[in-house]
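Encoded as structure tokens, the structure appears first; notes follow it.
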Amino acid sequence: MATLHSSSCLLFTSPTSTHHPPPSLSPTSRLSLYSASTSTSASSHSFSLSISPSFLTRPKSSRRLSLSSFKVKAIAADKKKVLIVNTNSGGHAVIGFYFAKELLGSGHEVTIMTVGEESSDKMKKPPFNRFSEIVGAGGKTVWGDPTEIGKVLEGVTFDVVLDNNGKDLDAVRPVADWAKSSGVKQFLFISSAGIYKSTEEPPHVEGDVVKADAGHVGVEKYISEIFSSWASFRPQYMTGSGNNKDCEEWFFDRIVRGRPVPIPGSGMQLTNISHVRDLSSMLTLAVENSSAASGNIFNCVSDRAVTLDGMAKLCAKAAGLPVEIVHYDPKAVGVDAKKAFPFRNMHFYAEPRAAKDILGWQPSTNLPEDLKERYEEYVKIGRDKKPMKFEVDDKILESLKVPVAV
């Protein structure tokens with residue numbers, strides 16, 4: 001039974017929806033978009049809800065009413081012990097960092113095990129150089145080899161394990177097998193929305209056809225076979241403090257230096273950029289509502305798409321500077337679009353339908369405002385003054401006969 005603690009508030013709920021089956025691993029029919037009330041199903045353990053001011057959510061439909069000036073936060077009555085096996089590189093590392101902080105703020109015990117050694121140069125970069133924030137909040141940090149996880153964490157038990165490291169079964173199996181033999185009750189996996197096959201009918205939704213040979217697909221199949229309680233999360237592009245993979249920074253680098261921003265294709269391709277705090281809140285809901293999350297796949301994304309041109313314009317607005325956008329055909333220019341541009345040169349975006357319908361999750365990403373914060377940090381660390389070379393850009397611009405100010 002849930003209890004609400006609040007000094008003074010009004011709580012609005014929408015009508016209870018009918019039950020819809022969760023998405024499956026196999027290619028099934030696409031989930032329909034519909035308005036559903038916030039899920040109240042939880043694990044067999046009770047929990048309480050506290051409401052505090054300061055958070056603003058935008059209503060997503062006429063039937064779903066939000067608390068416009070209150071933040072609803074679940075505080076687990078049964079504190080869970082959670083292990084995060086965290087990658088030491090790439091854009092996903094920041095997920096583990098935010099997830100750890102979110103869990104600690106909700107009263108859970110957290111250990112984050114990062115691949116590699118604490119003394120490595122990688123640990124001098126974000127988000128690893130901010131792990132003191134996790135320790136300061138009561139969490140634990142360890143380093144080691146996932147294939148030796150039993151030795152690294154000998155004698156320690158956990159209720160929940162999140163693998164935020166492996167991209168294929170060879171990498172994840174040692175962690176999953178150890179978790180199973182150790183009596184872990186819930187296993188979560190960070191997959192990728194990149195495993196969906198291209199579609200003529202975007203956006204990608206849970207249940208869409210995936211690439212059978214993708215490593216993440218093999219992992220999802222394996223954990224579904226050995227765990228009674230599991231869930232997989234498929235993120236896309238992310239923004240947020242501590243991210244060590246360029247997203248908005250790529251645009252800022254050119255805008256602040258008065259350089260044209262070369263975008264492949266028409267610039268009207270749609271993509272999805274989510275603040276990592278939304279990913280961590282979705283994961284936390286899965287921990288605190290394990291019975292609802294069990295056996296499901298969740299697109300771990302925001303519910304708003306943005307065009308590639310739109311991203312350039314929003315970054316320029318955040319910086320308070322003008323932007324010149326130029327479009328090009330990568331093949332005609334003779335460049336690899338994957339190396340020349342940080343996003344895919346195609347429509348590539350997913351929707352978080354399962355998280356909304358099953359977990360009652362709501363996103364907080366507000367890209368225009370989030371980019372303002374990111375630009376402030378960009379300037380604070382001095383990247384706007386850092387010497388940079390734009391050799392690939394120069395090749396593109398030269399072929400288009402676009403002048404570049406020195």
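Naming scheme: A, B, ... for chains in displayed order of the structure tokens; residues 1 onward per chain; ligands 1 onward as shown.
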Extract the full set of strand (DSSP E) residues from stretch 104-333 of chain A according to DSSP on the backbone, and format it as an MDAnalysis selection string. chainID A and resid 109:115 140:144 160:164 186:190 230:235 237:239 261:264 270:271 273:275 296:300 306:307 325:328
Emit the selected residues as a compact mmCIF listing (two decimals), in the first residue's frame, including N, CA and C atoms.
```
# COMPACT_ATOMS: atom_id res chain seq x y z
N GLU A 109 21.13 0.93 -1.32
CA GLU A 109 22.57 0.73 -1.20
C GLU A 109 23.13 0.48 -2.60
N VAL A 110 24.25 1.12 -2.92
CA VAL A 110 24.79 1.03 -4.27
C VAL A 110 26.28 0.75 -4.26
N THR A 111 26.68 -0.20 -5.08
CA THR A 111 28.09 -0.43 -5.38
C THR A 111 28.25 -0.30 -6.88
N ILE A 112 29.20 0.50 -7.33
CA ILE A 112 29.45 0.62 -8.76
C ILE A 112 30.83 0.04 -9.05
N MET A 113 30.85 -1.01 -9.86
CA MET A 113 32.09 -1.68 -10.24
C MET A 113 32.45 -1.26 -11.66
N THR A 114 33.54 -0.52 -11.80
CA THR A 114 33.97 -0.03 -13.10
C THR A 114 35.03 -0.95 -13.68
N VAL A 115 34.91 -1.22 -14.96
CA VAL A 115 35.86 -2.09 -15.64
C VAL A 115 37.24 -1.44 -15.67
N LYS A 140 29.49 2.85 -2.82
CA LYS A 140 30.81 2.23 -2.85
C LYS A 140 31.29 2.12 -4.29
N THR A 141 32.59 2.29 -4.50
CA THR A 141 33.17 2.17 -5.83
C THR A 141 34.30 1.14 -5.80
N VAL A 142 34.29 0.25 -6.78
CA VAL A 142 35.35 -0.74 -6.93
C VAL A 142 35.70 -0.84 -8.41
N TRP A 143 36.86 -1.40 -8.68
CA TRP A 143 37.30 -1.60 -10.06
C TRP A 143 37.70 -3.05 -10.24
N GLY A 144 37.59 -3.54 -11.47
CA GLY A 144 38.00 -4.92 -11.70
C GLY A 144 37.57 -5.44 -13.06
N VAL A 160 19.89 -6.63 -6.83
CA VAL A 160 19.74 -6.20 -8.23
C VAL A 160 21.12 -6.00 -8.84
N VAL A 161 21.27 -6.42 -10.10
CA VAL A 161 22.50 -6.15 -10.85
C VAL A 161 22.13 -5.50 -12.17
N LEU A 162 22.82 -4.39 -12.49
CA LEU A 162 22.69 -3.76 -13.80
C LEU A 162 24.01 -3.93 -14.54
N ASP A 163 23.96 -4.56 -15.72
CA ASP A 163 25.14 -4.62 -16.58
C ASP A 163 25.09 -3.45 -17.55
N ASN A 164 25.95 -2.47 -17.32
CA ASN A 164 26.06 -1.31 -18.18
C ASN A 164 27.44 -1.33 -18.85
N GLN A 186 16.98 -9.64 -9.42
CA GLN A 186 16.61 -8.90 -10.63
C GLN A 186 17.87 -8.56 -11.42
N PHE A 187 17.82 -8.79 -12.74
CA PHE A 187 18.96 -8.47 -13.60
C PHE A 187 18.51 -7.49 -14.68
N LEU A 188 19.22 -6.36 -14.76
CA LEU A 188 18.91 -5.33 -15.74
C LEU A 188 20.08 -5.18 -16.71
N PHE A 189 19.77 -4.82 -17.94
CA PHE A 189 20.81 -4.73 -18.98
C PHE A 189 20.63 -3.47 -19.81
N ILE A 190 21.73 -2.74 -20.02
CA ILE A 190 21.71 -1.59 -20.92
C ILE A 190 22.04 -2.08 -22.32
N TRP A 230 13.81 -9.81 -15.06
CA TRP A 230 14.83 -9.14 -15.88
C TRP A 230 14.17 -8.03 -16.70
N ALA A 231 14.98 -7.13 -17.18
CA ALA A 231 14.48 -6.07 -18.08
C ALA A 231 15.67 -5.53 -18.86
N SER A 232 15.40 -5.07 -20.07
CA SER A 232 16.44 -4.51 -20.92
C SER A 232 16.05 -3.10 -21.35
N PHE A 233 17.05 -2.23 -21.43
CA PHE A 233 16.83 -0.81 -21.73
C PHE A 233 17.65 -0.41 -22.95
N ARG A 234 16.98 0.23 -23.91
CA ARG A 234 17.62 0.58 -25.17
C ARG A 234 17.72 2.10 -25.32
N PRO A 235 18.86 2.69 -24.95
CA PRO A 235 19.04 4.13 -25.07
C PRO A 235 19.49 4.55 -26.47
N TYR A 237 20.94 8.65 -28.16
CA TYR A 237 21.91 9.69 -27.83
C TYR A 237 21.55 10.36 -26.52
N MET A 238 22.59 10.78 -25.78
CA MET A 238 22.37 11.35 -24.46
C MET A 238 23.07 12.69 -24.29
N THR A 239 22.52 13.51 -23.43
CA THR A 239 23.16 14.73 -22.99
C THR A 239 23.15 14.75 -21.48
N VAL A 261 28.46 24.87 -39.90
CA VAL A 261 28.18 23.54 -39.34
C VAL A 261 27.75 22.63 -40.49
N PRO A 262 28.62 21.69 -40.91
CA PRO A 262 28.27 20.80 -42.03
C PRO A 262 27.41 19.62 -41.57
N ILE A 263 26.23 19.51 -42.13
CA ILE A 263 25.30 18.44 -41.77
C ILE A 263 25.00 17.62 -43.02
N PRO A 264 25.17 16.30 -42.94
CA PRO A 264 24.92 15.46 -44.11
C PRO A 264 23.44 15.39 -44.45
N LEU A 270 15.30 12.93 -38.41
CA LEU A 270 14.88 12.98 -37.02
C LEU A 270 15.72 12.07 -36.15
N THR A 271 16.03 12.54 -34.95
CA THR A 271 16.73 11.71 -33.99
C THR A 271 16.19 12.01 -32.59
N ILE A 273 17.42 12.83 -28.51
CA ILE A 273 18.48 13.14 -27.55
C ILE A 273 17.84 13.29 -26.18
N SER A 274 18.26 12.46 -25.24
CA SER A 274 17.65 12.44 -23.91
C SER A 274 18.66 12.88 -22.86
N HIS A 275 18.16 13.56 -21.84
CA HIS A 275 19.03 13.85 -20.70
C HIS A 275 19.20 12.57 -19.90
N ASN A 296 10.33 -7.22 -19.57
CA ASN A 296 10.03 -6.17 -20.55
C ASN A 296 11.27 -5.51 -21.12
N ILE A 297 11.11 -4.97 -22.31
CA ILE A 297 12.13 -4.17 -22.97
C ILE A 297 11.62 -2.74 -23.03
N PHE A 298 12.50 -1.80 -22.68
CA PHE A 298 12.11 -0.39 -22.63
C PHE A 298 13.02 0.45 -23.51
N ASN A 299 12.43 1.23 -24.40
CA ASN A 299 13.21 2.25 -25.09
C ASN A 299 13.55 3.33 -24.08
N CYS A 300 14.82 3.48 -23.77
CA CYS A 300 15.28 4.37 -22.72
C CYS A 300 15.61 5.72 -23.35
N VAL A 306 14.06 15.46 -32.56
CA VAL A 306 14.63 16.72 -33.02
C VAL A 306 15.30 16.46 -34.36
N THR A 307 15.21 17.43 -35.28
CA THR A 307 15.89 17.28 -36.57
C THR A 307 17.37 17.62 -36.37
N ILE A 325 24.44 26.82 -41.35
CA ILE A 325 24.34 25.39 -41.63
C ILE A 325 24.55 25.14 -43.11
N VAL A 326 25.40 24.18 -43.44
CA VAL A 326 25.58 23.78 -44.83
C VAL A 326 25.31 22.28 -44.94
N HIS A 327 24.70 21.87 -46.03
CA HIS A 327 24.37 20.46 -46.25
C HIS A 327 25.25 19.87 -47.34
N TYR A 328 25.52 18.59 -47.23
CA TYR A 328 26.40 17.95 -48.21
C TYR A 328 26.03 16.48 -48.37
```
Counting only C-alpha atoms, what is within 10 Å of A:Ser89, bar same-chain residues fewer than 5 positions away, as a list in words? Val94, Thr114, Val115, Lys122, Met123, Lys125, Pro126, Pro127, Phe128, Asn165, Asn244 and Lys245 of chain A
Contacts of stretch 248-250 of chain A at 10 Å or less, counting only C-alpha atoms, minus same-chain residues fewer than 2 places along, as a list of chain:residue names? A:Met238, A:Thr239, A:Gly240, A:Lys245, A:Asp246, A:Phe252, A:Asp253, A:Arg254, A:Ile255, A:Val261, A:Ile273, A:Met311, A:Ala312, A:Leu314, A:Cys315, A:Phe341, A:Pro342, A:Leu371, A:Arg374, A:Tyr375, A:Tyr378, A:Arg383, A:Asp384
Counting only C-alpha atoms, which residue out of A:Gly207, A:Gly166, A:Pro260, A:Gly183 sits closest to A:Val219?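 Selected residue with least distance to A:Val219: A:Gly166.
Across the structure, atom CA of A:Ala214 and atom CA of A:Asp168 are spaced 7.9 Å apart.
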Closest contacts (stretch 203-238 of chain A/stretch 347-363 of chain A, max 6 Å, only C-alpha atoms) as JSON lines:
```
{"residue": "A:Pro203", "atom": "CA", "partner": "A:Ala350", "partner_atom": "CA", "distance": 4.9}
{"residue": "A:His204", "atom": "CA", "partner": "A:Ala350", "partner_atom": "CA", "distance": 4.3}
{"residue": "A:Val205", "atom": "CA", "partner": "A:Glu351", "partner_atom": "CA", "distance": 5.7}
```
Selection export as a PDB file, in the first residue's frame, atoms kept: N, CA and C atoms:
```pdb
ATOM      1  N   PRO A 203       8.432   6.229 -35.427  1.00  0.00           N
ATOM      2  CA  PRO A 203       9.611   5.896 -34.650  1.00  0.00           C
ATOM      3  C   PRO A 203       9.694   4.405 -34.328  1.00  0.00           C
ATOM      4  N   HIS A 204      10.864   4.004 -33.800  1.00  0.00           N
ATOM      5  CA  HIS A 204      11.001   2.636 -33.308  1.00  0.00           C
ATOM      6  C   HIS A 204      10.240   2.512 -31.994  1.00  0.00           C
ATOM      7  N   VAL A 205       9.460   1.440 -31.864  1.00  0.00           N
ATOM      8  CA  VAL A 205       8.776   1.157 -30.609  1.00  0.00           C
ATOM      9  C   VAL A 205       9.114  -0.266 -30.183  1.00  0.00           C
TER      10      VAL A 205
END
```
